[in-house]
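Participant: A single structure is presented below for examination.
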Amino acid sequence: MGTRLEGKTALITGAGTGIGRACALAFVREGARVALMGRRRVLLEDVARGIGAETLVIAGDVTRLDDVRRAVAETVSRFGGLNVLVNNAGVLFTGTAESHTEEEWDQTYDLNVKAVWRLSREVLPHMRRAGGGSIINLSSILGVIGVSNRVAYGASKGAVTMMTKCMALDHAEENIRVNCICPAVVETELAMEIIAKSPDPAALRQKRIAQHPLGRLGRPEDVAMCAVYLASDESSWVTGGEFPVDGGYTAQ
C-alpha cells in the first residue's frame, strides 16, 4: 500500500471495467477512498469486493442529472468531502459525417461531453470548500489529432480537451486543477469490441499494434498510473495539460 493519495476521496465514473476499474484499484492502493459510479451495479460490486471497505458503489447514469447529483451527494455524505473527479465514462461509435445517425451523434455528445461538464459543475463547490481538488478528464489522442471514420468521437474528445483547458483557467485561483489524459488504443472492453466486430480481427489488432512505436497496445493500468499522478500532490503545479499515454503514437 502506498500513500500518494492518502486522505483523498475520488469519484470515478465508468468504474466497472477498463480504465475506470484500473483507476479505482490504483487509487485505493495509494490510500484514497473511492466512489465507483456506473450503470451496471454487478460490475461495480465486483470491483468493490476486490478493494475493501473504503469504497462506495453508486449505480447510475452520468447522462441523467438526478443520478449525477445523487452520486456527488452520496460521496460527500459517506466520506465527508470530495477531492478528485475522474470523468472516465464514454462511448465510441465509428462513422463519418454521412454515416453517423442523429442518435449516435446525440449519445456521443451526451456521454462524452455533457456528462463531463455536469459532473464537473456538481463537484466544484465541494472542491472549493476543501481548498482545492483535481478533475481528471479522459480525452483521447483523437482529441488532439484526426483519423478517419471517427467523426463524432473525435469531435467529442476535442471538446473534452478544450473544456479541460478552459476550466483549468477558470478555477486555477481556487487551487482546482483540471487536466486530461489522451490515450491511444487501450485494451478495454470498448476498444476490443470494435476490433472483434471487424472482418479480420487478428489483422486489425496487428495493424493497431504497429501504429504504436512501443510495440503494444495500452493497458488500463498505463492510464491509471497517469491518473494517480494527476490526482496526487505531486502534480500540484500542473493544470490545463493534455497527457498523451499513447505508446508514442502522437510522436510520429
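Quick note on naming: the chains in the C-alpha cells go A, B, ... in the order shown, residues restart at 1 in each chain, and ligands are numbered from 1 in order of appearance.
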Near His212 (chain A), within 8 Å and counting only C-alpha atoms, which residues show up once chain neighbours fewer than 4 positions away are dropped, as a ChimeraX atom specification?

Facilitator: /A:208,216-217,246-249

Participant: With N, CA and C atoms kept, could you save the residues just selected as a PDB file, in the first residue's frame?

Facilitator:
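As written to disk, again00.pdb reads:
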ATOM      1  N   ARG A 208      -3.222  -2.189 -35.433  1.00  0.00           N
ATOM      2  CA  ARG A 208      -3.262  -1.227 -34.333  1.00  0.00           C
ATOM      3  C   ARG A 208      -1.972  -1.274 -33.505  1.00  0.00           C
ATOM      4  N   ARG A 216       3.120  -2.299 -28.592  1.00  0.00           N
ATOM      5  CA  ARG A 216       1.998  -2.993 -27.952  1.00  0.00           C
ATOM      6  C   ARG A 216       0.849  -2.026 -27.788  1.00  0.00           C
ATOM      7  N   LEU A 217      -0.337  -2.573 -27.537  1.00  0.00           N
ATOM      8  CA  LEU A 217      -1.468  -1.746 -27.165  1.00  0.00           C
ATOM      9  C   LEU A 217      -1.330  -1.333 -25.705  1.00  0.00           C
ATOM     10  N   ASP A 246       0.197   6.990 -24.930  1.00  0.00           N
ATOM     11  CA  ASP A 246      -0.143   6.508 -26.267  1.00  0.00           C
ATOM     12  C   ASP A 246       0.923   5.657 -26.933  1.00  0.00           C
ATOM     13  N   GLY A 247       1.888   5.175 -26.173  1.00  0.00           N
ATOM     14  CA  GLY A 247       2.897   4.298 -26.770  1.00  0.00           C
ATOM     15  C   GLY A 247       3.707   4.953 -27.871  1.00  0.00           C
ATOM     16  N   GLY A 248       3.729   6.279 -27.906  1.00  0.00           N
ATOM     17  CA  GLY A 248       4.472   7.012 -28.924  1.00  0.00           C
ATOM     18  C   GLY A 248       3.673   7.366 -30.157  1.00  0.00           C
ATOM     19  N   TYR A 249       2.377   7.065 -30.163  1.00  0.00           N
ATOM     20  CA  TYR A 249       1.533   7.267 -31.337  1.00  0.00           C
ATOM     21  C   TYR A 249       1.628   8.690 -31.892  1.00  0.00           C
TER      22      TYR A 249
END

Participant: Which residues, written as a ChimeraX atom specification, have at least one atom at most 6 Å from Pro183 (chain A), with only C-alpha atoms counted and residues fewer than 5 positions away on the same chain left out?

Facilitator: /A:140-141,244-246

Participant: Val228 (chain A): which residues within 8 Å, counting only C-alpha atoms, same-chain residues fewer than 3 positions away excluded, as a CSV table (one decimal) with N, CA and C atoms, in the first residue's frame?

Facilitator:
chain,number,residue,atom,x,y,z
A,4,ARG,N,0.4,8.0,-1.7
A,4,ARG,CA,0.4,9.1,-2.6
A,4,ARG,C,-0.9,9.8,-2.6
A,5,LEU,N,-2.0,9.1,-2.3
A,5,LEU,CA,-3.4,9.7,-2.3
A,5,LEU,C,-4.0,9.6,-0.9
A,23,CYS,N,-8.2,2.6,-12.5
A,23,CYS,CA,-8.1,3.8,-11.7
A,23,CYS,C,-8.5,3.5,-10.3
A,26,ALA,N,-5.9,1.4,-8.5
A,26,ALA,CA,-4.7,2.1,-8.3
A,26,ALA,C,-4.8,3.2,-7.2
A,27,PHE,N,-6.0,3.9,-7.2
A,27,PHE,CA,-6.2,4.9,-6.2
A,27,PHE,C,-6.3,4.3,-4.8
A,224,ALA,N,-4.1,4.4,-15.7
A,224,ALA,CA,-4.4,4.6,-14.3
A,224,ALA,C,-3.2,5.3,-13.5
A,225,MET,N,-2.0,4.9,-13.9
A,225,MET,CA,-0.9,5.5,-13.2
A,225,MET,C,-0.7,6.9,-13.5
A,231,ALA,N,-3.9,13.1,-9.7
A,231,ALA,CA,-4.7,13.2,-8.5
A,231,ALA,C,-3.9,13.5,-7.3
A,232,SER,N,-2.6,13.3,-7.4
A,232,SER,CA,-1.8,13.4,-6.2
A,232,SER,C,-1.2,14.9,-6.1

Participant: When DSSP is applied to the backbone of this structure, which of region 163-207 of chain A are assigned helix (DSSP H, G or I)? Write them out as a list in words.

Facilitator: Met163, Thr164, Lys165, Cys166, Met167, Ala168, Leu169, Asp170, His171, Ala172, Glu173, Glu174, Glu189, Leu190, Ala191, Met192, Glu193, Ile194, Ile195, Ala196, Pro201, Ala202, Ala203, Leu204, Arg205, Gln206 and Lys207 of chain A

Participant: Fewer than 3 positions away in the same chain doesn't count, so skip those; otherwise give me all residues within 9 Å of region 145-150 of chain A, counting only C-alpha atoms, as a ChimeraX atom specification.

Facilitator: /A:92-97,140-142,153-155,158,250

Participant: With a distance cut-off of 10 Å and only C-alpha atoms, select the neighbouring residues of region 111-118 of chain A, excluding the residue or stretch itself and same-chain residues fewer than 2 positions from it, and output the selection as a tab-separated table (two decimals) with N, CA and C atoms, in the first residue's frame.

Facilitator:
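In the end it all went to out-v5.tsv:
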chain	number	residue	atom	x	y	z
A	13	THR	N	-16.09	7.68	-12.64
A	13	THR	CA	-17.21	7.21	-13.46
A	13	THR	C	-16.73	6.11	-14.42
A	61	ASP	N	-26.53	6.64	-14.10
A	61	ASP	CA	-26.23	7.02	-15.48
A	61	ASP	C	-25.73	8.45	-15.49
A	62	VAL	N	-24.51	8.67	-15.97
A	62	VAL	CA	-23.93	10.01	-15.94
A	62	VAL	C	-24.62	10.98	-16.88
A	63	THR	N	-25.48	10.48	-17.76
A	63	THR	CA	-26.23	11.38	-18.64
A	63	THR	C	-27.52	11.87	-18.00
A	64	ARG	N	-27.82	11.41	-16.79
A	64	ARG	CA	-29.02	11.82	-16.07
A	64	ARG	C	-28.62	12.74	-14.92
A	65	LEU	N	-29.12	13.96	-14.94
A	65	LEU	CA	-28.73	14.96	-13.94
A	65	LEU	C	-29.05	14.50	-12.53
A	68	VAL	N	-26.38	12.12	-11.39
A	68	VAL	CA	-25.11	12.82	-11.14
A	68	VAL	C	-25.16	13.52	-9.78
A	69	ARG	N	-26.23	14.22	-9.52
A	69	ARG	CA	-26.34	14.92	-8.23
A	69	ARG	C	-26.37	13.94	-7.06
A	85	LEU	N	-12.12	14.05	-9.08
A	85	LEU	CA	-13.13	13.51	-10.00
A	85	LEU	C	-12.41	12.95	-11.22
A	86	VAL	N	-12.72	11.71	-11.56
A	86	VAL	CA	-12.20	11.10	-12.79
A	86	VAL	C	-13.38	10.90	-13.73
A	87	ASN	N	-13.46	11.73	-14.75
A	87	ASN	CA	-14.52	11.62	-15.77
A	87	ASN	C	-14.07	10.61	-16.82
A	88	ASN	N	-14.41	9.37	-16.59
A	88	ASN	CA	-13.93	8.30	-17.46
A	88	ASN	C	-15.01	7.72	-18.36
A	89	ALA	N	-16.26	7.74	-17.96
A	89	ALA	CA	-17.32	7.10	-18.75
A	89	ALA	C	-17.36	7.70	-20.16
A	90	GLY	N	-17.54	6.83	-21.16
A	90	GLY	CA	-17.58	7.32	-22.53
A	90	GLY	C	-18.14	6.28	-23.48
A	91	VAL	N	-18.36	6.70	-24.72
A	91	VAL	CA	-18.88	5.82	-25.75
A	91	VAL	C	-18.18	6.13	-27.06
A	92	LEU	N	-18.06	5.12	-27.92
A	92	LEU	CA	-17.41	5.30	-29.22
A	92	LEU	C	-18.24	4.64	-30.31
A	106	ASP	N	-25.98	12.29	-30.89
A	106	ASP	CA	-26.51	12.78	-29.62
A	106	ASP	C	-26.00	11.96	-28.44
A	107	GLN	N	-25.95	10.65	-28.57
A	107	GLN	CA	-25.43	9.81	-27.50
A	107	GLN	C	-23.97	10.12	-27.22
A	108	THR	N	-23.20	10.33	-28.28
A	108	THR	CA	-21.78	10.62	-28.12
A	108	THR	C	-21.57	11.91	-27.33
A	109	TYR	N	-22.32	12.96	-27.70
A	109	TYR	CA	-22.13	14.23	-27.00
A	109	TYR	C	-22.74	14.22	-25.61
A	120	SER	N	-18.46	17.86	-13.48
A	120	SER	CA	-17.51	18.88	-13.03
A	120	SER	C	-18.23	20.00	-12.31
A	121	ARG	N	-19.34	20.46	-12.86
A	121	ARG	CA	-20.12	21.54	-12.24
A	121	ARG	C	-20.58	21.15	-10.85
A	122	GLU	N	-20.99	19.90	-10.68
A	122	GLU	CA	-21.52	19.46	-9.38
A	122	GLU	C	-20.43	19.29	-8.33
A	123	VAL	N	-19.21	18.94	-8.73
A	123	VAL	CA	-18.16	18.72	-7.72
A	123	VAL	C	-17.42	20.01	-7.36
A	135	ILE	N	-9.59	17.58	-11.13
A	135	ILE	CA	-10.52	16.97	-12.08
A	135	ILE	C	-9.70	16.39	-13.21
A	136	ILE	N	-9.91	15.11	-13.47
A	136	ILE	CA	-9.15	14.38	-14.49
A	136	ILE	C	-10.14	13.89	-15.54
A	137	ASN	N	-10.04	14.42	-16.73
A	137	ASN	CA	-10.93	14.03	-17.82
A	137	ASN	C	-10.23	13.05	-18.75
A	138	LEU	N	-10.95	12.00	-19.12
A	138	LEU	CA	-10.40	11.07	-20.11
A	138	LEU	C	-10.78	11.58	-21.49
A	139	SER	N	-9.80	12.16	-22.16
A	139	SER	CA	-9.97	12.55	-23.55
A	139	SER	C	-9.42	11.40	-24.40
A	152	ALA	N	-17.71	11.64	-34.93
A	152	ALA	CA	-18.41	12.01	-33.70
A	152	ALA	C	-17.49	11.86	-32.49
A	153	TYR	N	-16.78	10.76	-32.42
A	153	TYR	CA	-15.90	10.52	-31.27
A	153	TYR	C	-14.79	11.56	-31.21
A	155	ALA	N	-14.68	14.55	-32.55
A	155	ALA	CA	-15.23	15.87	-32.23
A	155	ALA	C	-15.53	15.98	-30.74
A	156	SER	N	-16.08	14.92	-30.15
A	156	SER	CA	-16.42	14.95	-28.72
A	156	SER	C	-15.17	15.02	-27.86
A	157	LYS	N	-14.13	14.30	-28.23
A	157	LYS	CA	-12.91	14.32	-27.43
A	157	LYS	C	-12.13	15.61	-27.61
A	158	GLY	N	-12.24	16.22	-28.80
A	158	GLY	CA	-11.68	17.55	-28.96
A	158	GLY	C	-12.37	18.55	-28.04
A	159	ALA	N	-13.67	18.39	-27.88
A	159	ALA	CA	-14.42	19.25	-26.96
A	159	ALA	C	-13.96	19.03	-25.52
A	160	VAL	N	-13.71	17.79	-25.15
A	160	VAL	CA	-13.24	17.50	-23.79
A	160	VAL	C	-11.87	18.14	-23.54
A	161	THR	N	-10.98	18.05	-24.54
A	161	THR	CA	-9.66	18.64	-24.38
A	161	THR	C	-9.75	20.15	-24.18
A	163	MET	N	-12.47	21.88	-23.17
A	163	MET	CA	-13.16	22.13	-21.91
A	163	MET	C	-12.17	22.06	-20.75
A	164	THR	N	-11.29	21.09	-20.82
A	164	THR	CA	-10.26	20.93	-19.78
A	164	THR	C	-9.43	22.20	-19.65
A	167	MET	N	-11.58	25.21	-18.26
A	167	MET	CA	-11.87	25.04	-16.84
A	167	MET	C	-10.63	25.24	-15.99

Participant: Write out as JSON, numbers by chain which residues come within 9 Å of Leu43 (chain A) when counting only C-alpha atoms, dropping same-chain ones fewer than 5 positions away.

Facilitator: {"A": [15, 16, 17, 38, 48]}

Participant: Produce a file of the selected residues containing C-alpha atoms, as a tab-separated table (two decimals), in the first residue's frame.

Facilitator:
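Result written to part.tsv:
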chain	number	residue	atom	x	y	z
A	15	ALA	CA	-15.62	2.37	-12.83
A	16	GLY	CA	-16.87	-1.15	-13.52
A	17	THR	CA	-14.47	-2.03	-16.33
A	38	GLY	CA	-21.50	3.19	-13.42
A	48	ALA	CA	-15.55	-3.08	-4.71

Participant: Could you tell me how far CA of Glu193 (chain A) sits from CA of Ala22 (chain A), in Å to one decimal place?

Facilitator: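 If I compute the distance from CA of Ala22 (chain A) to CA of Glu193 (chain A), I get 18.4 Å.
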
Participant: Pick from A:Gly218, A:His100, A:Leu11, A:Val42: nearest to Arg70 (chain A), with only C-alpha atoms counted?

Facilitator: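 Among the listed residues, the smallest separation from Arg70 (chain A) belongs to A:Leu11.
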
Participant: If you measure from CA of Gln211 (chain A) to CA of Thr188 (chain A), what distance in Å do you get, rounded to one decimal?

Facilitator: 17.2 Å

Participant: Which residue gives the smallest distance to Arg33 (chain A) among A:Thr9, A:Gln206, A:Ser99, A:Thr3, with only C-alpha atoms counted?

Facilitator: A:Thr9

Participant: Go through A:Ile51, A:Asp222, A:Glu187, A:Ser134 one by one, measure the shortest atom-to-atom distance of each to Glu234 (chain A) using only C-alpha atoms, and give the residue with the smallest value.

Facilitator: A:Ser134

Participant: Set the distance at 12 Å and use only C-alpha atoms: which residues neighbour Leu124 (chain A) once local chain neighbours fewer than 5 positions away are removed? I'd like the list as a list in words.

Facilitator: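 What passes the distance filter is Val72, Gly81, Leu82, Asn83, Val84, Leu85, Trp117, Arg118, Leu119, Arg129, Ala130, Gly131, Gly132, Gly133, Ser134, Ile135, Met167, Ala168, Asp170, His171, Ala172, Glu174, Asn175, Ile176, Arg177 and Val178 of chain A.
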
Participant: What parts of region 107-178 of chain A does DSSP call strand (DSSP E)? I'd like the answer as a PyMOL selection string.

Facilitator: chain A and resi 133-138+176-178

Participant: How about saving the chosen residues, N, CA and C atoms kept, as a tab-separated table (two decimals), in the first residue's frame?

Facilitator:
chain	number	residue	atom	x	y	z
A	133	GLY	N	-8.71	20.83	-5.47
A	133	GLY	CA	-9.05	19.50	-5.94
A	133	GLY	C	-8.46	19.25	-7.32
A	134	SER	N	-8.74	18.06	-7.83
A	134	SER	CA	-8.21	17.68	-9.14
A	134	SER	C	-9.32	17.02	-9.95
A	135	ILE	N	-9.59	17.58	-11.13
A	135	ILE	CA	-10.52	16.97	-12.08
A	135	ILE	C	-9.70	16.39	-13.21
A	136	ILE	N	-9.91	15.11	-13.47
A	136	ILE	CA	-9.15	14.38	-14.49
A	136	ILE	C	-10.14	13.89	-15.54
A	137	ASN	N	-10.04	14.42	-16.73
A	137	ASN	CA	-10.93	14.03	-17.82
A	137	ASN	C	-10.23	13.05	-18.75
A	138	LEU	N	-10.95	12.00	-19.12
A	138	LEU	CA	-10.40	11.07	-20.11
A	138	LEU	C	-10.78	11.58	-21.49
A	176	ILE	N	-8.07	24.47	-7.89
A	176	ILE	CA	-8.75	23.33	-8.51
A	176	ILE	C	-8.10	23.11	-9.86
A	177	ARG	N	-7.40	22.01	-9.98
A	177	ARG	CA	-6.64	21.70	-11.18
A	177	ARG	C	-7.47	20.82	-12.12
A	178	VAL	N	-7.37	21.06	-13.40
A	178	VAL	CA	-8.13	20.31	-14.39
A	178	VAL	C	-7.17	19.88	-15.51
